[in-house]
Amino acid sequence: MIVSFVVNGQDVTARVMAPTSLLDVLRDELGLPGSKSACEQGECGSCSVILDGALVCSCLVMAGDAEGSSVITVEGVGESGVHPVQKAMHRAGAVQCGFCTPGIVVAAADLFENNPHPSTAEIKEALAGNICRCTGYGAIVRAFESLAAESR
Amino acid sequence: MGASTLRPDGIAKLKGLFEYAQDLQAENMLWGATVRSPHPRARIVSIDVAPALAVGGVHAVLTADDVPGRATFGLEHPDQPVLAGTEVNYWGEPVAIVAAEDEDTARRAASAVVVEYEVREPVIDPEQADRNDEVFRRMRINRGDQSVSGEVVVEGYYEVGMQDQAPLGTEAGLAIPDGHGGVDLYATSQFVHVDQEQVVASLGLRPEQVRSHPAGVGGAFGAREDVNLHIHLCLLALHTGQPVKMVYHRSESFTGHVHRHPARMWYRHEADREGRLVRVEAKVLLDGGAYASTTAAVLANACYFAVGPYNCASVSVVGIGSRTNNPPCGAMRGFGAVQVCFAHESQMDKLARALDMDPIELRRRNVLTEGSPLATTGQPIQTPMPIHEILDSLVSMPLPDVSEATDLLSLPGGTGLTTDREHVVRGVGYAIGIKNLGFSEGFDDYAQARVRLTDEGAIVETAAIEVGQGLVTVLAQIARTALGVSRAEVRHVDTSQIDSAGSTSASRQTQISGGATLQAATRLRERILHDYDADELDDDGVWRGETLVASMGALVTRDWQETVTFRHPRTEGPDENGQGTIHADFALAGHRAVVDVDPELGLVRVVRIDTAQDVGKALNPQSVRGQIEGGIMQGVGLAVMEELIVNDGIIRNPNFTDYLLPTILDAPDVEALLIEQDGSWGPFGAKGVGEPPTISSTAAVAAAIRNATGRSIDRVPVRPQDIAIA
């Protein structure tokens with residue numbers, strides 16, 4: 001089938017087989033490999049994107065269901081520069097292997113879009129769907145605590 | 001040096017632009033897939049590849065008969081078939097490989113291969129394997145007078161479950177034929193030179209025909225020391241004449257790499273009335289699973305550190321690495337020291353109770369200091385050994401208040417509305433651990449690095465693998481510091497361009513590739529200064545006093561480079577009693593865990609971990625803290641949730657829904673003190689920092705649960721039934 005939607009502000013069209021996930025279309029058809037595939041079942045959040053304003057695991061979205069929607073991937077976060085959540089993570093040392101990082105960037109961008117000054121508990125709850133195997137999460141929490149404190 | 005310089009690849013990773021092995025593409029690329037055994041043990045009666053070849057878009061289906069060179073591979077002993085030919089020995093063992101025009105077709109074709117098996121009874125009990133003498137290695141350590149005994153005796157039996165490294169990136173790679181019979185491999189790895197050697201052997205090629213290139217790696221933790229898809233990819237690429245890519249799915253990844261050895265451990269500690277250890281006896285049984293991998297080395301390490309960081313003049317350790325039809329086990333962060341640490345620290349706490357003594361005081365009376373012999377091997381410790389400083393730090397760090405919050409997220413069991421605050425019991429536990437750094441037992445452990453001075457600054461060329469730990473940051477820091485310039489960059493080069501850097505494992509790269517980088521940069525600077533009869537080098541050029549002798553622009557018209565191979569202090573294999581100078585260096589860490597437990601439901605929340613770690617010199621404190629926090633999290637995971645459930649040789653939970661990994665809500669608060677002392681041979685006195693956080697954090701959590709509940713807690717991960725029903 002042919003699916004047409006908007007990714008990071010650009011109109012795209014992809015020809016997909018019925019059972020294909022949005023993640024596979026982004027990575028394999030649309031040249032956007034920033035979203036990562038790590039568990040294929042919505043447990044780890046590495047493939048997180050924003051679909052019509054909602055944070056979703058793109059591995060769990062059928063590509064056909066993206067028809068007519070607007071998708072923001074990690075490539076579209078801070079598109080022309082470095083987004084504040086990216087800056088905060090970089091400074092705090094919140095990136096190691098980086099495989100979970102795109103998903104965390106998308107989830108955190110979504111959090112700060114909706115709640116510019118989240119509490120520590122709100123930060124943790126917002127990122128509860130993102131597994132990181134390297135950092136132990138400490139630097140990730142510190143990054144977003146300091147971002148939340150900025151411009152308060 | 002000593003500054004928290006930010007990662008050079010950080011922004012690329014944050015923007016989704018960093019290229020991982022999973023992201024590689026090539027013109028005319030095919031996709032590979034693997035046919036795996038559904039049985040833990042069976043004879044292969046026949047393999048019919050015709051139905052797979054009949055699938056449209058399939059270019060090749062290969063079996064054991066198509067392996068042109070050595071039929072087997074292995075990191076230490078090549079005992080594992082590249083593709084099983086006559087029998088399969090574990091669930092998920094590769095039997096055939098497929099290349100097709102796209103991934104779905106390759107997987108469909110793989111499922112079309114018809115393999116007829118004659119199923120056999122698998123050996124799943126490591127004690128049975130021991131009785132059958134099916135072992136990869138037996139170890140015996142006897143030190144001191146074996147006839148002594150102490151007045152106070154405690155015995156224990158302990159178990160550790162099978163943990164998985166679960167790096168976020170699964171196994172992935174791309175092999176590209178070079179058109180002249182050779183191949184270029186870009187795959188997830190911790191050690192490209194040893195991958196290259198094994199590809200060369202099994203493909204029957206000359207070494208110069210195979211180039212293994214470092215590719216972007218999404219975590220490792222030991223899972224990528226062994227070959228998995230590397231030989232398969234090269235076979236398919238050379239057979240089809242086209243680039244071939246393969247990416248394991250998560251469930252496949254759980255069978256596609258080795259795991260942490262499950263352990264059974266029997267201990268007897270004897271002490272005098274003052275709490276001084278008189279004798280320690282231990283028997284350590286690690287299940288190696290179906291193939292050797294690094295079982296021999298992991299077992300040896302478990303035996304060498306079986307007593308922990310304590311003095312004892314009379315020691316007997318027996319070690320067995322069994323061969324069964326369970327999943328193969330090998331390297332994971334901590335490499336044998338993790339399992340025995342849980343046992344020896346549980347024993348020390350048990351001994352403290354028997355003596356009615358504070359467990360910290362008991363440890364103080366027994367700890368190793370610089371110059372003491374390691375209790376097992378007798379090797380004198382010639383590196384800083386700040387255990388008293390670690391213990392002092394742990395007891396002086398403030399304890400968290402008992403939470404009165406009604407926030408469900410702060411309760412054991414979280415938002416499941418299961419735990420009442422008034423039922424929660426708090427516990428505190430301590431543990432300390434020791435591990436070797438670098439490779440031991442006489443292994444020629446070296447790394448080569450090349451440092452160049454160019455108009456882009458210093459360039460460090462290395463085949464050492466960056467797996468996320470921050471080697472790219474620290475090698476650049478070392479080169480900048482030693483040369484005196486402000487810009488440096490690490491370039492990962494393939495196996496044809498530089499000699500081995502050894503494995504990114506054993507906490508070794510900062511010390512060994514760092515040591516090579518430091519020597520190369522230092523020699524390069526000395527040569528430049530000598531050539532110009534100068535006394536200073538900086539970004540402007542070379543200086544003699546106040547005079548600029550040559551500008552940097554003029555300087556770099558020459559190809560300044562220096563290549564150094566660095567070796568750590570020589571070690572030796574054990575004698576017949578397990579004695580000798582077996583290790584090159586040692587590091588320590590200690591942990592204090594605070595837990596909240598719901599004893600009725602058996603639920604645990606790890607509230608806080610305080611740690612002090614012997615780091616020698618922290619070259620990049622932010623990176624060191626990252627290793628400490630990440631290593632602790634894996635230790636906490638092993639303590640309370642991470643276990644591969646293997647029944648009848650089959651992994652029952654090979655996915656992220658059922659193999660539980662700690663989330664941000666499970667993460668305890670961590671406070672870390674870095675203990676810096678001069679004396680290690682690492683660059684600027686640095687010690688490796690990756691593994692010590694994982695050694696004793698598990699044991700500390702177990703001790704805290706024991707403290708909260710009074711339960712014996714003799715196995716990890718601690719399950720609800722171990723608390724609520726025990």
# chains A, B, ... in the order shown; residues from 1 in each chain; ligands from 1

$ closest_atom_pairs --of "range 290-390 of chain B" --to "range 568-586 of chain B" --cutoff "9 Å" --atoms "only C-alpha atoms" --output "JSON lines"
{"residue": "B:Tyr304", "atom": "CA", "partner": "B:Gly578", "partner_atom": "CA", "distance": 8.2}
{"residue": "B:Thr376", "atom": "CA", "partner": "B:Gln579", "partner_atom": "CA", "distance": 7.3}
{"residue": "B:Thr377", "atom": "CA", "partner": "B:Gln579", "partner_atom": "CA", "distance": 4.3}
{"residue": "B:Gly378", "atom": "CA", "partner": "B:Gln579", "partner_atom": "CA", "distance": 6.0}
{"residue": "B:Gln379", "atom": "CA", "partner": "B:Thr581", "partner_atom": "CA", "distance": 5.1}
{"residue": "B:Pro380", "atom": "CA", "partner": "B:Thr581", "partner_atom": "CA", "distance": 7.9}
{"residue": "B:Ile381", "atom": "CA", "partner": "B:Phe586", "partner_atom": "CA", "distance": 7.9}
{"residue": "B:Gln382", "atom": "CA", "partner": "B:Asp585", "partner_atom": "CA", "distance": 7.7}
{"residue": "B:Thr383", "atom": "CA", "partner": "B:Asp585", "partner_atom": "CA", "distance": 6.6}
{"residue": "B:Pro384", "atom": "CA", "partner": "B:Phe586", "partner_atom": "CA", "distance": 8.4}
{"residue": "B:Met385", "atom": "CA", "partner": "B:Phe586", "partner_atom": "CA", "distance": 8.1}

$ residues_around --residues "range 33-36 of chain A" --least-positions-apart "3" --cutoff "8 Å" --atoms "only C-alpha atoms" --output "PyMOL selection string"
(chain A and resi 23+26-28+46-49+73-75+99-100+102-103) or (chain B and resi 15-18+23)

$ interface_residues --of "chain A" --to "chain B" --cutoff "7 Å" --atoms "only C-alpha atoms" --output "VMD selection string"
chain A and resid 33 to 35 38 to 39 43 74 to 75 86 90 to 91 93 95 to 102 105 124 127 to 128 131 133 to 138

$ write_last_selection --atoms "C-alpha atoms" --output "short mmCIF file (atom, residue, chain, number, x, y, z; two decimals), in the first residue's frame"
data_model
loop_
_atom_site.label_atom_id
_atom_site.label_comp_id
_atom_site.auth_asym_id
_atom_site.auth_seq_id
_atom_site.Cartn_x
_atom_site.Cartn_y
_atom_site.Cartn_z
CA PRO A 33 17.95 5.76 10.91
CA GLY A 34 18.07 7.90 14.07
CA SER A 35 15.16 5.98 15.63
CA ALA A 38 16.22 -2.62 20.16
CA CYS A 39 13.36 -4.78 21.44
CA GLU A 43 9.52 -2.15 26.07
CA VAL A 74 14.89 12.47 16.68
CA GLU A 75 16.14 13.99 13.43
CA GLN A 86 20.24 17.48 23.78
CA HIS A 90 25.61 16.32 26.46
CA ARG A 91 26.80 18.51 29.32
CA GLY A 93 27.47 13.07 30.43
CA VAL A 95 25.27 9.68 26.64
CA GLN A 96 27.41 6.56 26.60
CA CYS A 97 26.78 4.00 23.84
CA GLY A 98 23.97 6.26 22.69
CA PHE A 99 21.63 3.57 21.38
CA CYS A 100 18.83 4.57 23.78
CA THR A 101 19.64 8.24 23.37
CA PRO A 102 17.41 9.14 20.39
CA VAL A 105 15.73 12.82 23.42
CA LYS A 124 11.38 9.84 35.98
CA LEU A 127 11.19 8.46 30.96
CA ALA A 128 9.93 5.26 32.56
CA ILE A 131 15.60 1.64 28.97
CA ARG A 133 21.77 -0.02 29.82
CA CYS A 134 24.91 2.12 30.16
CA THR A 135 24.37 5.12 32.41
CA GLY A 136 22.35 3.80 35.33
CA TYR A 137 20.14 6.87 34.62
CA GLY A 138 21.93 9.15 37.11
#

$ select_by_dssp --residues "range 40-201 of chain B" --states "strand (DSSP E)" --output "tab-separated table (two decimals) with N, CA and C atoms, in the first residue's frame"
chain	number	residue	atom	x	y	z
B	42	ALA	N	20.60	-32.50	19.97
B	42	ALA	CA	20.03	-33.40	18.97
B	42	ALA	C	21.10	-33.77	17.97
B	43	ARG	N	20.89	-34.91	17.32
B	43	ARG	CA	21.72	-35.28	16.17
B	43	ARG	C	21.02	-34.72	14.93
B	44	ILE	N	21.82	-34.16	14.02
B	44	ILE	CA	21.24	-33.67	12.78
B	44	ILE	C	21.20	-34.83	11.80
B	45	VAL	N	19.99	-35.23	11.43
B	45	VAL	CA	19.82	-36.36	10.50
B	45	VAL	C	20.00	-35.87	9.07
B	46	SER	N	19.37	-34.74	8.75
B	46	SER	CA	19.48	-34.21	7.39
B	46	SER	C	19.11	-32.73	7.38
B	47	ILE	N	19.63	-32.04	6.40
B	47	ILE	CA	19.27	-30.64	6.20
B	47	ILE	C	18.87	-30.49	4.74
B	48	ASP	N	17.66	-30.03	4.49
B	48	ASP	CA	17.18	-29.82	3.12
B	48	ASP	C	17.04	-28.31	2.89
B	58	VAL	N	16.03	-15.34	-2.98
B	58	VAL	CA	17.09	-15.95	-2.15
B	58	VAL	C	18.34	-16.17	-2.99
B	59	HIS	N	19.48	-15.74	-2.49
B	59	HIS	CA	20.73	-15.87	-3.23
B	59	HIS	C	21.63	-16.99	-2.74
B	60	ALA	N	21.50	-17.36	-1.47
B	60	ALA	CA	22.36	-18.43	-0.95
B	60	ALA	C	21.76	-19.01	0.31
B	61	VAL	N	21.95	-20.31	0.47
B	61	VAL	CA	21.65	-20.98	1.74
B	61	VAL	C	22.86	-21.87	2.02
B	62	LEU	N	23.55	-21.59	3.11
B	62	LEU	CA	24.80	-22.28	3.39
B	62	LEU	C	24.69	-23.10	4.67
B	72	THR	N	35.37	-24.74	13.04
B	72	THR	CA	34.97	-24.28	14.37
B	72	THR	C	35.64	-22.94	14.69
B	73	PHE	N	35.10	-22.27	15.72
B	73	PHE	CA	35.70	-21.03	16.19
B	73	PHE	C	35.65	-21.03	17.72
B	80	GLN	N	33.58	-24.50	18.84
B	80	GLN	CA	32.19	-24.25	18.47
B	80	GLN	C	32.04	-24.24	16.95
B	81	PRO	N	31.16	-25.09	16.41
B	81	PRO	CA	31.00	-25.12	14.96
B	81	PRO	C	30.51	-23.77	14.42
B	87	GLU	N	25.59	-32.42	14.90
B	87	GLU	CA	24.81	-32.38	16.13
B	87	GLU	C	24.66	-30.93	16.58
B	88	VAL	N	23.62	-30.70	17.35
B	88	VAL	CA	23.46	-29.39	17.99
B	88	VAL	C	23.55	-29.59	19.49
B	94	PRO	N	23.35	-22.06	15.65
B	94	PRO	CA	23.19	-21.87	14.20
B	94	PRO	C	23.44	-23.15	13.41
B	95	VAL	N	22.54	-23.40	12.46
B	95	VAL	CA	22.61	-24.61	11.64
B	95	VAL	C	22.79	-24.26	10.17
B	96	ALA	N	22.20	-23.17	9.74
B	96	ALA	CA	22.33	-22.74	8.34
B	96	ALA	C	22.16	-21.23	8.29
B	97	ILE	N	22.66	-20.64	7.20
B	97	ILE	CA	22.51	-19.20	7.01
B	97	ILE	C	22.01	-18.92	5.60
B	98	VAL	N	21.30	-17.81	5.48
B	98	VAL	CA	20.60	-17.48	4.25
B	98	VAL	C	20.95	-16.05	3.86
B	99	ALA	N	21.10	-15.81	2.55
B	99	ALA	CA	21.17	-14.42	2.06
B	99	ALA	C	20.06	-14.21	1.04
B	100	ALA	N	19.35	-13.10	1.18
B	100	ALA	CA	18.23	-12.82	0.28
B	100	ALA	C	18.14	-11.32	0.06
B	114	VAL	N	14.54	-27.17	5.96
B	114	VAL	CA	14.00	-28.31	6.70
B	114	VAL	C	15.16	-29.08	7.32
B	115	VAL	N	15.22	-29.07	8.64
B	115	VAL	CA	16.26	-29.83	9.35
B	115	VAL	C	15.57	-30.96	10.10
B	116	GLU	N	16.05	-32.18	9.83
B	116	GLU	CA	15.50	-33.32	10.58
B	116	GLU	C	16.45	-33.62	11.74
B	117	TYR	N	15.91	-33.62	12.95
B	117	TYR	CA	16.71	-33.84	14.15
B	117	TYR	C	16.32	-35.16	14.80
B	118	GLU	N	17.30	-35.80	15.41
B	118	GLU	CA	17.03	-36.91	16.32
B	118	GLU	C	17.33	-36.37	17.71
B	119	VAL	N	16.25	-36.08	18.44
B	119	VAL	CA	16.39	-35.36	19.71
B	119	VAL	C	17.02	-36.25	20.76
B	135	VAL	N	33.87	-31.16	31.62
B	135	VAL	CA	34.27	-29.85	32.15
B	135	VAL	C	35.21	-29.15	31.18
B	136	PHE	N	35.17	-27.83	31.19
B	136	PHE	CA	36.11	-27.03	30.40
B	136	PHE	C	37.41	-26.79	31.17
B	137	ARG	N	37.31	-26.70	32.48
B	137	ARG	CA	38.51	-26.50	33.28
B	137	ARG	C	38.21	-26.87	34.73
B	138	ARG	N	39.20	-27.44	35.35
B	138	ARG	CA	39.17	-27.60	36.81
B	138	ARG	C	40.30	-26.78	37.38
B	139	MET	N	40.02	-26.14	38.49
B	139	MET	CA	41.03	-25.31	39.16
B	139	MET	C	41.20	-25.82	40.57
B	140	ARG	N	42.42	-25.78	41.05
B	140	ARG	CA	42.63	-26.09	42.47
B	140	ARG	C	43.64	-25.09	43.00
B	141	ILE	N	43.26	-24.42	44.05
B	141	ILE	CA	44.17	-23.48	44.72
B	141	ILE	C	44.36	-23.99	46.14
B	142	ASN	N	45.61	-24.21	46.51
B	142	ASN	CA	45.94	-24.56	47.89
B	142	ASN	C	47.04	-23.62	48.35
B	143	ARG	N	46.75	-22.86	49.38
B	143	ARG	CA	47.79	-21.97	49.89
B	143	ARG	C	47.87	-22.12	51.40
B	152	VAL	N	35.67	-20.32	65.28
B	152	VAL	CA	34.33	-19.94	64.83
B	152	VAL	C	34.20	-20.33	63.36
B	153	VAL	N	33.18	-21.09	63.04
B	153	VAL	CA	33.03	-21.64	61.68
B	153	VAL	C	31.66	-21.26	61.13
B	154	VAL	N	31.65	-20.75	59.89
B	154	VAL	CA	30.35	-20.55	59.22
B	154	VAL	C	30.44	-21.19	57.83
B	155	GLU	N	29.34	-21.82	57.46
B	155	GLU	CA	29.27	-22.45	56.15
B	155	GLU	C	28.09	-21.87	55.39
B	156	GLY	N	28.16	-21.95	54.07
B	156	GLY	CA	27.04	-21.46	53.29
B	156	GLY	C	27.06	-22.04	51.89
B	157	TYR	N	25.88	-22.08	51.29
B	157	TYR	CA	25.73	-22.48	49.89
B	157	TYR	C	25.02	-21.34	49.18
B	158	TYR	N	25.58	-20.90	48.07
B	158	TYR	CA	25.06	-19.71	47.38
B	158	TYR	C	24.89	-19.99	45.89
B	159	GLU	N	23.90	-19.32	45.32
B	159	GLU	CA	23.66	-19.45	43.88
B	159	GLU	C	23.52	-18.08	43.24
B	160	VAL	N	24.00	-17.99	42.01
B	160	VAL	CA	23.81	-16.79	41.19
B	160	VAL	C	23.15	-17.23	39.89
B	172	ALA	N	24.94	-6.88	14.97
B	172	ALA	CA	24.67	-6.36	13.63
B	172	ALA	C	25.98	-6.22	12.88
B	173	GLY	N	25.90	-6.33	11.55
B	173	GLY	CA	27.11	-6.12	10.77
B	173	GLY	C	26.85	-6.17	9.28
B	174	LEU	N	27.88	-5.76	8.57
B	174	LEU	CA	27.84	-5.73	7.10
B	174	LEU	C	29.19	-6.24	6.62
B	175	ALA	N	29.16	-7.22	5.69
B	175	ALA	CA	30.39	-7.71	5.08
B	175	ALA	C	30.36	-7.37	3.60
B	176	ILE	N	31.47	-6.84	3.09
B	176	ILE	CA	31.53	-6.39	1.69
B	176	ILE	C	32.69	-7.11	1.00
B	177	PRO	N	32.40	-7.91	-0.03
B	177	PRO	CA	33.49	-8.57	-0.74
B	177	PRO	C	34.34	-7.53	-1.47
B	183	VAL	N	37.54	-9.75	1.93
B	183	VAL	CA	36.30	-9.19	2.46
B	183	VAL	C	36.60	-8.13	3.51
B	184	ASP	N	35.74	-7.12	3.56
B	184	ASP	CA	35.77	-6.10	4.60
B	184	ASP	C	34.56	-6.31	5.50
B	185	LEU	N	34.82	-6.41	6.80
B	185	LEU	CA	33.76	-6.67	7.76
B	185	LEU	C	33.58	-5.46	8.67
B	186	TYR	N	32.34	-5.02	8.79
B	186	TYR	CA	31.98	-3.92	9.71
B	186	TYR	C	30.91	-4.47	10.63
B	187	ALA	N	31.29	-4.78	11.88
B	187	ALA	CA	30.31	-5.45	12.74
B	187	ALA	C	30.50	-5.05	14.19

$ residues_around --residues "Gly76 in chain A" --least-positions-apart "2" --cutoff "9 Å" --atoms "only C-alpha atoms" --output "PyMOL selection string"
(chain A and resi 7-9+71-74+78-80) or (chain B and resi 15)
